[in-house]
>>> print(open('run.cif').read())   # mmCIF, C-alpha atoms
data_data
#
loop_
_atom_site.label_atom_id
_atom_site.label_comp_id
_atom_site.auth_asym_id
_atom_site.auth_seq_id
_atom_site.Cartn_x
_atom_site.Cartn_y
_atom_site.Cartn_z
CA MET C 13 100.75 97.65 115.50
CA LYS C 14 97.44 98.67 117.04
CA ARG C 15 95.55 96.20 114.83
CA LEU C 16 98.01 93.44 115.75
CA LEU C 17 97.57 94.06 119.48
CA THR C 18 93.78 94.06 119.05
CA LEU C 19 93.95 90.74 117.21
CA LEU C 20 96.20 89.16 119.84
CA PHE C 21 93.88 90.36 122.60
CA ALA C 22 90.85 88.88 120.81
CA VAL C 23 92.64 85.56 120.32
CA GLY C 24 93.57 85.55 124.01
CA ILE C 25 89.94 86.02 125.02
CA SER C 26 88.82 83.23 122.67
CA PHE C 27 91.46 80.85 124.03
CA SER C 28 90.44 81.63 127.61
CA THR C 29 86.81 80.90 126.72
CA TRP C 30 87.71 77.56 125.14
CA ALA C 31 89.92 76.61 128.08
CA GLN C 32 87.10 76.99 130.62
CA LYS C 33 84.05 74.75 130.14
CA GLN C 34 81.06 74.80 132.48
CA LEU C 35 79.95 71.37 133.62
CA SER C 36 76.41 70.09 133.02
CA ALA C 37 74.09 69.10 135.88
CA ASN C 38 74.93 65.41 135.37
CA GLU C 39 78.66 66.15 135.31
CA VAL C 40 78.34 68.22 138.51
CA ALA C 41 76.49 65.41 140.32
CA LYS C 42 79.18 62.93 139.26
CA LEU C 43 82.00 65.28 140.31
CA GLU C 44 80.46 65.99 143.73
CA THR C 45 80.20 62.23 144.34
CA GLU C 46 83.87 61.82 143.36
CA ILE C 47 84.94 64.69 145.64
CA GLU C 48 83.06 63.14 148.55
CA ALA C 49 84.60 59.71 147.86
CA GLN C 50 88.13 61.11 147.68
CA ALA C 51 87.66 63.21 150.82
CA SER C 52 86.39 60.20 152.80
CA LYS C 53 89.88 58.69 152.50
CA ILE C 54 91.57 61.74 154.02
CA ASN C 55 91.95 62.41 157.74
CA THR C 56 94.74 64.99 157.71
CA ILE C 57 96.44 67.32 155.24
CA LYS C 58 99.60 69.37 155.45
CA SER C 59 100.69 71.82 152.77
CA GLN C 60 102.50 75.07 152.12
CA PHE C 61 100.57 78.18 151.18
CA LYS C 62 101.05 81.62 149.75
CA GLN C 63 98.55 84.28 150.71
CA VAL C 64 98.01 87.18 148.31
CA LYS C 65 96.07 90.17 149.63
CA HIS C 66 95.00 92.49 146.81
CA VAL C 67 93.67 95.92 147.77
CA ASN C 68 92.49 98.00 144.85
CA GLY C 69 94.44 101.23 144.67
CA MET C 70 97.58 99.88 146.31
CA SER C 71 100.63 99.65 144.04
CA LYS C 72 101.61 96.18 145.28
CA ASP C 73 99.85 93.10 146.61
CA LEU C 74 100.62 91.99 150.16
CA ASN C 75 102.21 88.54 150.10
CA SER C 76 102.60 86.10 152.99
CA ASN C 77 103.86 82.52 153.16
CA GLY C 78 103.44 79.66 155.59
CA ASP C 79 102.16 76.16 156.29
CA MET C 80 98.59 74.89 156.50
CA MET C 81 97.45 71.87 158.50
CA TYR C 82 93.99 70.34 158.41
CA LYS C 83 92.43 67.58 160.48
CA LYS C 84 88.91 66.17 160.51
CA ASP C 85 86.59 67.55 161.57
CA ASN C 86 86.76 71.29 161.01
CA LYS C 87 90.28 71.85 162.38
CA VAL C 88 92.63 74.17 160.49
CA ILE C 89 95.99 75.77 161.34
CA LEU C 90 97.65 78.52 159.32
CA ASN C 91 101.27 79.09 160.37
CA TYR C 92 102.51 82.31 158.78
CA THR C 93 106.31 82.36 158.49
CA THR C 94 106.98 85.42 156.30
CA PRO C 95 107.01 88.39 156.34
CA ILE C 96 106.11 87.96 160.04
CA LYS C 97 105.50 84.92 162.23
CA TYR C 98 101.85 84.54 163.09
CA GLN C 99 99.53 81.61 163.78
CA MET C 100 95.79 81.10 163.38
CA VAL C 101 94.18 77.96 164.84
CA LEU C 102 90.57 77.16 163.95
CA ASN C 103 88.82 74.37 165.79
CA GLY C 104 85.06 74.05 165.47
CA THR C 105 83.53 77.37 166.49
CA LYS C 106 86.70 78.72 168.12
CA VAL C 107 89.72 80.50 166.68
CA LYS C 108 93.03 81.28 168.37
CA MET C 109 95.39 84.01 167.15
CA VAL C 110 99.02 83.76 168.25
CA ASN C 111 101.34 86.71 167.64
CA GLY C 112 104.63 87.45 169.38
CA GLY C 113 104.05 84.74 171.94
CA LYS C 114 100.70 86.20 172.97
CA SER C 115 97.44 84.44 172.12
CA LYS C 116 93.79 85.45 172.02
CA VAL C 117 90.76 83.18 171.63
CA TYR C 118 87.57 84.19 169.81
CA ASP C 119 84.39 82.66 168.54
CA THR C 120 84.71 82.26 164.76
CA ASN C 121 81.75 84.60 164.23
CA ALA C 122 83.49 87.28 166.31
CA ALA C 123 86.89 86.73 164.69
CA GLY C 124 85.75 88.23 161.41
CA ALA C 125 83.55 87.16 158.54
CA SER C 126 86.54 86.47 156.26
CA THR C 127 88.03 84.05 158.82
CA ASN C 128 84.69 82.29 159.19
CA GLU C 129 84.22 81.95 155.43
CA MET C 130 87.79 80.76 154.87
CA GLN C 131 87.36 78.00 157.45
CA LYS C 132 84.02 76.97 155.94
CA MET C 133 85.42 76.79 152.41
CA ILE C 134 88.59 74.87 153.34
CA SER C 135 86.66 72.41 155.48
CA SER C 136 83.96 71.89 152.83
CA CYS C 137 86.54 71.16 150.18
CA MET C 138 88.63 68.87 152.38
CA THR C 139 85.62 66.93 153.68
CA GLY C 140 83.95 66.75 150.27
CA ASP C 141 80.78 68.29 151.67
CA MET C 142 80.18 70.61 148.73
CA LYS C 143 76.45 69.89 148.73
CA ALA C 144 76.11 71.48 152.17
CA LEU C 145 77.21 74.82 150.72
CA LYS C 146 74.17 74.94 148.44
CA LYS C 147 72.02 76.10 151.35
CA ASP C 148 73.73 79.49 151.33
CA TYR C 149 75.52 79.60 147.98
CA LYS C 150 75.11 79.00 144.28
CA LEU C 151 77.86 76.69 142.96
CA LEU C 152 79.07 76.78 139.36
CA TYR C 153 81.54 74.11 138.24
CA PHE C 154 84.02 74.49 135.39
CA GLU C 155 86.63 72.28 133.77
CA GLN C 156 89.89 74.17 133.29
CA GLY C 157 92.79 72.19 131.84
CA GLN C 158 94.03 69.73 134.47
CA ASN C 159 91.91 71.33 137.19
CA TYR C 160 88.31 71.99 138.23
CA LEU C 161 87.18 75.50 139.13
CA VAL C 162 84.22 76.07 141.46
CA LYS C 163 82.71 79.55 141.51
CA ILE C 164 80.68 80.07 144.67
CA VAL C 165 78.24 82.97 144.64
CA PRO C 166 76.71 83.89 148.02
CA ASN C 167 73.00 84.53 148.39
CA ALA C 168 71.75 88.10 148.65
CA ASN C 169 71.95 88.05 152.45
CA LYS C 170 75.70 87.35 152.32
CA LYS C 171 77.12 90.83 151.88
CA LEU C 172 80.84 90.54 152.60
CA PHE C 173 81.92 88.48 149.59
CA LYS C 174 80.91 88.96 145.99
CA GLU C 175 82.32 85.61 144.89
CA ILE C 176 84.50 82.78 146.17
CA GLU C 177 86.61 80.61 143.90
CA MET C 178 88.00 77.15 144.61
CA GLU C 179 90.40 75.45 142.23
CA MET C 180 91.21 71.77 142.69
CA GLN C 181 93.19 69.11 140.86
CA LYS C 182 91.24 66.73 138.65
CA SER C 183 93.34 63.74 139.69
CA ASP C 184 92.84 63.74 143.46
CA LYS C 185 90.41 66.66 144.00
CA MET C 186 92.91 68.43 146.29
CA LEU C 187 92.53 72.15 146.89
CA LEU C 188 95.02 74.26 144.93
CA ARG C 189 93.63 77.75 145.26
CA LEU C 190 91.01 79.61 147.29
CA ARG C 191 90.07 83.20 146.45
CA LEU C 192 87.68 85.35 148.51
CA VAL C 193 86.49 88.35 146.48
CA GLU C 194 84.98 91.11 148.61
CA ASN C 195 81.95 93.13 147.63
CA PRO C 196 83.11 96.63 146.66
CA LYS C 197 82.44 99.31 149.23
CA ALA C 198 80.14 102.19 148.34
CA GLY C 199 81.87 104.65 146.06
CA LYS C 200 84.89 102.41 145.53
CA LYS C 201 85.87 100.96 142.18
CA GLY C 202 87.64 97.66 141.67
CA GLU C 203 87.73 94.51 143.76
CA ASP C 204 89.66 93.57 146.87
CA TYR C 205 90.42 89.90 147.39
CA THR C 206 92.43 87.46 149.46
CA GLU C 207 93.83 84.41 147.69
CA TYR C 208 95.43 81.29 149.14
CA GLN C 209 97.61 79.15 146.86
CA PHE C 210 98.42 75.67 148.20
CA SER C 211 101.41 73.51 147.20
CA ASN C 212 103.50 70.49 148.31
CA THR C 213 100.40 68.88 149.79
CA GLN C 214 100.76 65.74 151.91
CA LYS C 215 97.77 63.56 152.85
CA ASN C 216 97.18 61.54 156.02
CA VAL C 217 100.31 62.70 157.84
CA ASN C 218 100.52 62.34 161.63
CA LEU C 219 99.03 65.46 163.23
CA GLN C 220 98.43 65.24 166.96
CA ASP C 221 95.18 66.64 168.42
CA ASN C 222 97.09 68.92 170.80
CA LEU C 223 98.30 70.99 167.84
CA PHE C 224 94.71 72.16 167.35
CA ALA C 225 93.87 72.59 171.04
CA ILE C 226 92.25 75.90 171.99
CA GLU C 227 91.95 76.70 175.67
#
>>> encode(input="run.cif", output="structure tokens")
Amino acid sequence: MKRLLTLLFAVGISFSTWAQKQLSANEVAKLETEIEAQASKINTIKSQFKQVKHVNGMSKDLNSNGDMMYKKDNKVILNYTTPIKYQMVLNGTKVKMVNGGKSKVYDTNAAGASTNEMQKMISSCMTGDMKALKKDYKLLYFEQGQNYLVKIVPNANKKLFKEIEMEMQKSDKMLLRLRLVENPKAGKKGEDYTEYQFSNTQKNVNLQDNLFAIE
């Protein structure tokens, strides 16, 4: 039995390796051009999301659900519906948190590094401006079945996140998954991460500017 389990594990690793192929420099250049072209046709996006918060050492992940809305340029809304109702509105350099009918407005830099990075990654993917990320990050592109996977490794001066992953559909280059992996704290083993899984995405729906207003 032990030998059988070892064999199955080895086969699983081999299959995973075959399933994920890193793109060449020419393939990356072509893909980035395609992403930019697809994104240029999109003004708004609305989708559902599931947020998974994994904290190493906790017996269960923390799961939340809600709706995401995006509008050019750099406007994002996350409406959390379960387990509690909560809203986050990001517009340019401002973020508004709404909880229990009370709202607070912050600068994105003051709202928390994870919020700032999440907005940057969603906006970059939706606008197709992946090349702009190369100033602060190393981007590695992989082909994975019907999707593309982008592993984004921050430069040494970016200390909050160890790695960021974006997964998008091959067909229309829409964002399917965003994972923010935190750098482990001193003396702590394992990785903490926050992952957003997007589904039921609609493009170019009518989203009024006042939805994203921050005063």
>>> closest_residue(input="run.cif", among="C:Ala168, C:Leu102, C:Glu129, C:Lys182", to="Gln156 in chain C", atoms="only C-alpha atoms")
C:Lys182
>>> resolve_selection(input="run.cif", expression="the PyMOL selection byres ((chain C and resi 106) around 10)", output="list in words")
Lys87, Val101, Leu102, Asn103, Gly104, Thr105, Val107, Lys108, Val117, Tyr118, Asp119, Thr120, Asn121, Ala122, Ala123, Asn128, Ala225, Ile226 and Glu227 of chain C
>>> write_last_selection(input="run.cif", atoms="C-alpha atoms", output="compact mmCIF listing (two decimals), in the coordinates of the input")
# COMPACT_ATOMS: atom_id res chain seq x y z
CA LYS C 87 90.28 71.85 162.38
CA VAL C 101 94.18 77.96 164.84
CA LEU C 102 90.57 77.16 163.95
CA ASN C 103 88.82 74.37 165.79
CA GLY C 104 85.06 74.05 165.47
CA THR C 105 83.53 77.37 166.49
CA VAL C 107 89.72 80.50 166.68
CA LYS C 108 93.03 81.28 168.37
CA VAL C 117 90.76 83.18 171.63
CA TYR C 118 87.57 84.19 169.81
CA ASP C 119 84.39 82.66 168.54
CA THR C 120 84.71 82.26 164.76
CA ASN C 121 81.75 84.60 164.23
CA ALA C 122 83.49 87.28 166.31
CA ALA C 123 86.89 86.73 164.69
CA ASN C 128 84.69 82.29 159.19
CA ALA C 225 93.87 72.59 171.04
CA ILE C 226 92.25 75.90 171.99
CA GLU C 227 91.95 76.70 175.67
>>> atom_distance(input="run.cif", atom1="CA of Leu151 in chain C", atom2="CA of Lys58 in chain C")
26.1 Å
>>> closest_residue(input="run.cif", among="C:Ala37, C:Leu145, C:Met186, C:Val193", to="Asn167 in chain C", atoms="only C-alpha atoms")
C:Leu145
>>> closest_residue(input="run.cif", among="C:Thr56, C:Asn216, C:Glu177, C:Gln50", to="Lys84 in chain C", atoms="all atoms listed in the file")
C:Thr56
>>> atom_distance(input="run.cif", atom1="CA of Ile57 in chain C", atom2="CA of Met81 in chain C")
5.7 Å
>>> resolve_selection(input="run.cif", expression="the PyMOL selection byres ((chain C and resi 59-66) around 12)", output="compact mmCIF listing (two decimals) with C-alpha atoms, in the frame of the given file")
# COMPACT_ATOMS: atom_id res chain seq x y z
CA THR C 56 94.74 64.99 157.71
CA ILE C 57 96.44 67.32 155.24
CA LYS C 58 99.60 69.37 155.45
CA VAL C 67 93.67 95.92 147.77
CA ASN C 68 92.49 98.00 144.85
CA GLY C 69 94.44 101.23 144.67
CA MET C 70 97.58 99.88 146.31
CA SER C 71 100.63 99.65 144.04
CA LYS C 72 101.61 96.18 145.28
CA ASP C 73 99.85 93.10 146.61
CA LEU C 74 100.62 91.99 150.16
CA ASN C 75 102.21 88.54 150.10
CA SER C 76 102.60 86.10 152.99
CA ASN C 77 103.86 82.52 153.16
CA GLY C 78 103.44 79.66 155.59
CA ASP C 79 102.16 76.16 156.29
CA MET C 80 98.59 74.89 156.50
CA MET C 81 97.45 71.87 158.50
CA TYR C 82 93.99 70.34 158.41
CA VAL C 88 92.63 74.17 160.49
CA ILE C 89 95.99 75.77 161.34
CA LEU C 90 97.65 78.52 159.32
CA ASN C 91 101.27 79.09 160.37
CA TYR C 92 102.51 82.31 158.78
CA THR C 93 106.31 82.36 158.49
CA THR C 94 106.98 85.42 156.30
CA PRO C 95 107.01 88.39 156.34
CA MET C 186 92.91 68.43 146.29
CA LEU C 187 92.53 72.15 146.89
CA LEU C 188 95.02 74.26 144.93
CA ARG C 189 93.63 77.75 145.26
CA LEU C 190 91.01 79.61 147.29
CA ARG C 191 90.07 83.20 146.45
CA LEU C 192 87.68 85.35 148.51
CA VAL C 193 86.49 88.35 146.48
CA GLU C 194 84.98 91.11 148.61
CA GLY C 202 87.64 97.66 141.67
CA GLU C 203 87.73 94.51 143.76
CA ASP C 204 89.66 93.57 146.87
CA TYR C 205 90.42 89.90 147.39
CA THR C 206 92.43 87.46 149.46
CA GLU C 207 93.83 84.41 147.69
CA TYR C 208 95.43 81.29 149.14
CA GLN C 209 97.61 79.15 146.86
CA PHE C 210 98.42 75.67 148.20
CA SER C 211 101.41 73.51 147.20
CA ASN C 212 103.50 70.49 148.31
CA THR C 213 100.40 68.88 149.79
CA GLN C 214 100.76 65.74 151.91
CA LYS C 215 97.77 63.56 152.85
CA ASN C 216 97.18 61.54 156.02
CA VAL C 217 100.31 62.70 157.84
>>> closest_residue(input="run.cif", among="C:Tyr160, C:Phe173, C:Phe224, C:Tyr153", to="Ala41 in chain C", atoms="all atoms listed in the file")
C:Tyr153
>>> residues_around(input="run.cif", residues="Glu44 in chain C", least_positions_apart="4", cutoff="9 Å", atoms="only C-alpha atoms", output="list of chain:residue names")
C:Glu39, C:Val40, C:Glu48, C:Ala49, C:Gly140, C:Asp141, C:Met142, C:Lys143
>>> atom_distance(input="run.cif", atom1="CA of Gly157 in chain C", atom2="CA of Ser183 in chain C")
11.5 Å
>>> axis_aligned_box(input="run.cif", around="range 112-122 of chain C", padding_each_side="8 Å", output="JSON")
{"center_x": 93.2, "center_y": 84.9, "center_z": 168.6, "size_x": 38.9, "size_y": 21.2, "size_z": 24.7}
>>> closest_residue(input="run.cif", among="C:Asp221, C:Asp184, C:Glu175, C:Glu46", to="Met133 in chain C", atoms="all atoms listed in the file")
C:Glu175
